[in-house]
Amino acid sequence: MALTVKSTDDQAVLDAEHELWATTFSYIKSMALKSALDLRLADAIHHHGGAATLPQIAARVAVHPSKIPCLRRLMRTLTVSGVFSVVQQQDVVVPAAPVSNGSCNGAVAAEPLYALTPVSRLLVGSWNLVSIITMLLSPNFVTTFLGIGAWFEHALPDPCLFTQAHGEALWTMADHDATFDALINDGMVSDSSFIMDIAMRECGEVFQGIGSLMDVGGGLGAAAQAISRAFPSLECTVMDLDHVVDKAPAGTDVKYVVGDMFESVPPADAVFLKWVLHDWGHEDCVKILKNCKKSIPPRGKGGKVIIIDIVIGAGPSHVKHRELQSMFDLYMMIVDGIERDEQEWKKIFLEAGFSGYKIIPVLGFRSIIEVYP
């Protein structure tokens, strides 16, 4: 039977169909990752030294024996998506189908040995991102985006995506739902601990020569604690709302004060804002930064504001990097937030009365921004 050679047009259409299906099924990849977190698959592999067979993994996770073949299919998806890898094959004896006399013949088959990758190594050990990824993949966040199409049909101002989906604002829910509040706090601590350790190594000079630092909206202080460990002589203080400060950990070198950044910011040599301004619109950001500017000394005396946030278009130019920045911007609509490009940041800084800024794109899809009075 003769094979039909596809035309160039047909191949282009099939390539487009493939891209459409792959985009549509992107949520399957996310849910496969969520399953890996729920089942602690990375921990099971880590327990065996970083590589394990399916039976070894199944023995350490809560999978019903009848679903081990399904676990194999999950591992295949997690492997092709780069969460795990197959490093070698081990020969094991597996039962063959019964023969006519009622006995079974054993057959030798290759059993995949699943290994941790750089991605899944971020899910094990003390330096992991499990809490922030668990937060982002939790039902309260994921289901919010099912209504994004309907949200676009209404005029601004209207309820943000989260409020539209759940009938109350994100922080209102956190105030009365202790489990949800802990999910958010654990996620923020996880992200701060991870990124600040890298920031201290990659551009710790940003914090050199500063005597005091005010971490505005710093939550439980994970970022400030990382800065304090790197610079023991630097006096670090976290300012946040009273219900946040009430939960602050004791026994650290970081101080905590109650305050509202829309009212005033306590004085310090420098103000630190990690993932704070992307929660707010243009006018609110200008107001926050004006208050920050009032609290620091002039540029000639070392005063500055240090921001960690996304600058869309900054950093590596490859497609995945730009795609993640773009998706993060869309994600921030969950609370009517926004990620900004350099021109949008510049406009805010100038309106707040600052004289200049420097973008340092050394934190992957995020950047450090120094802003000078």
# chains A, B, ... in the order shown; residues from 1 in each chain; ligands from 1

call {"tool": "select_by_dssp", "arguments": {"residues": "region 91-196 of chain A", "states": "strand (DSSP E)", "output": "PyMOL selection string"}}
result
chain A and resi 91-98+104-116

call {"tool": "residues_around", "arguments": {"residues": "Leu220 (chain A)", "least_positions_apart": "2", "cutoff": "9 Å", "atoms": "only C-alpha atoms", "output": "list in words"}}
result
Asn185, Met188, Val189, Gly218, Ala222, Ala223, Ala224, Val238, Asp240, Val244, Val245, Lys247, Ala248, Pro249 and Tyr256 of chain A

call {"tool": "select_by_dssp", "arguments": {"residues": "region 126-206 of chain A", "states": "helix (DSSP H, G or I)", "output": "ChimeraX atom specification"}}
result
/A:130-136,139-151,161-166,170-176,178-206

call {"tool": "closest_residue", "arguments": {"among": "A:Val258, A:Arg76, A:Gly221, A:Ala226", "to": "Ile198 (chain A)", "atoms": "only C-alpha atoms"}}
result
A:Ala226

call {"tool": "residues_around", "arguments": {"residues": "Ala270 (chain A)", "least_positions_apart": "6", "cutoff": "9 Å", "atoms": "only C-alpha atoms", "output": "list in words"}}
result
Phe207, Ile210, Gly211, Ser212, Leu213, Met214, Asp215, Cys292, Ser295, Ile296, Pro297, Gly302, Gly303, Lys304, Val305 and Ile306 of chain A

call {"tool": "atom_distance", "arguments": {"atom1": "CA of His176 (chain A)", "atom2": "CA of Leu33 (chain A)"}}
result
28.7 Å

call {"tool": "closest_residue", "arguments": {"among": "A:Trp275, A:Leu113, A:Tyr27, A:Gln88", "to": "Leu146 (chain A)", "atoms": "only C-alpha atoms"}}
result
A:Tyr27

call {"tool": "atom_distance", "arguments": {"atom1": "CA of Gly259 (chain A)", "atom2": "CA of Leu241 (chain A)"}}
result
5.6 Å
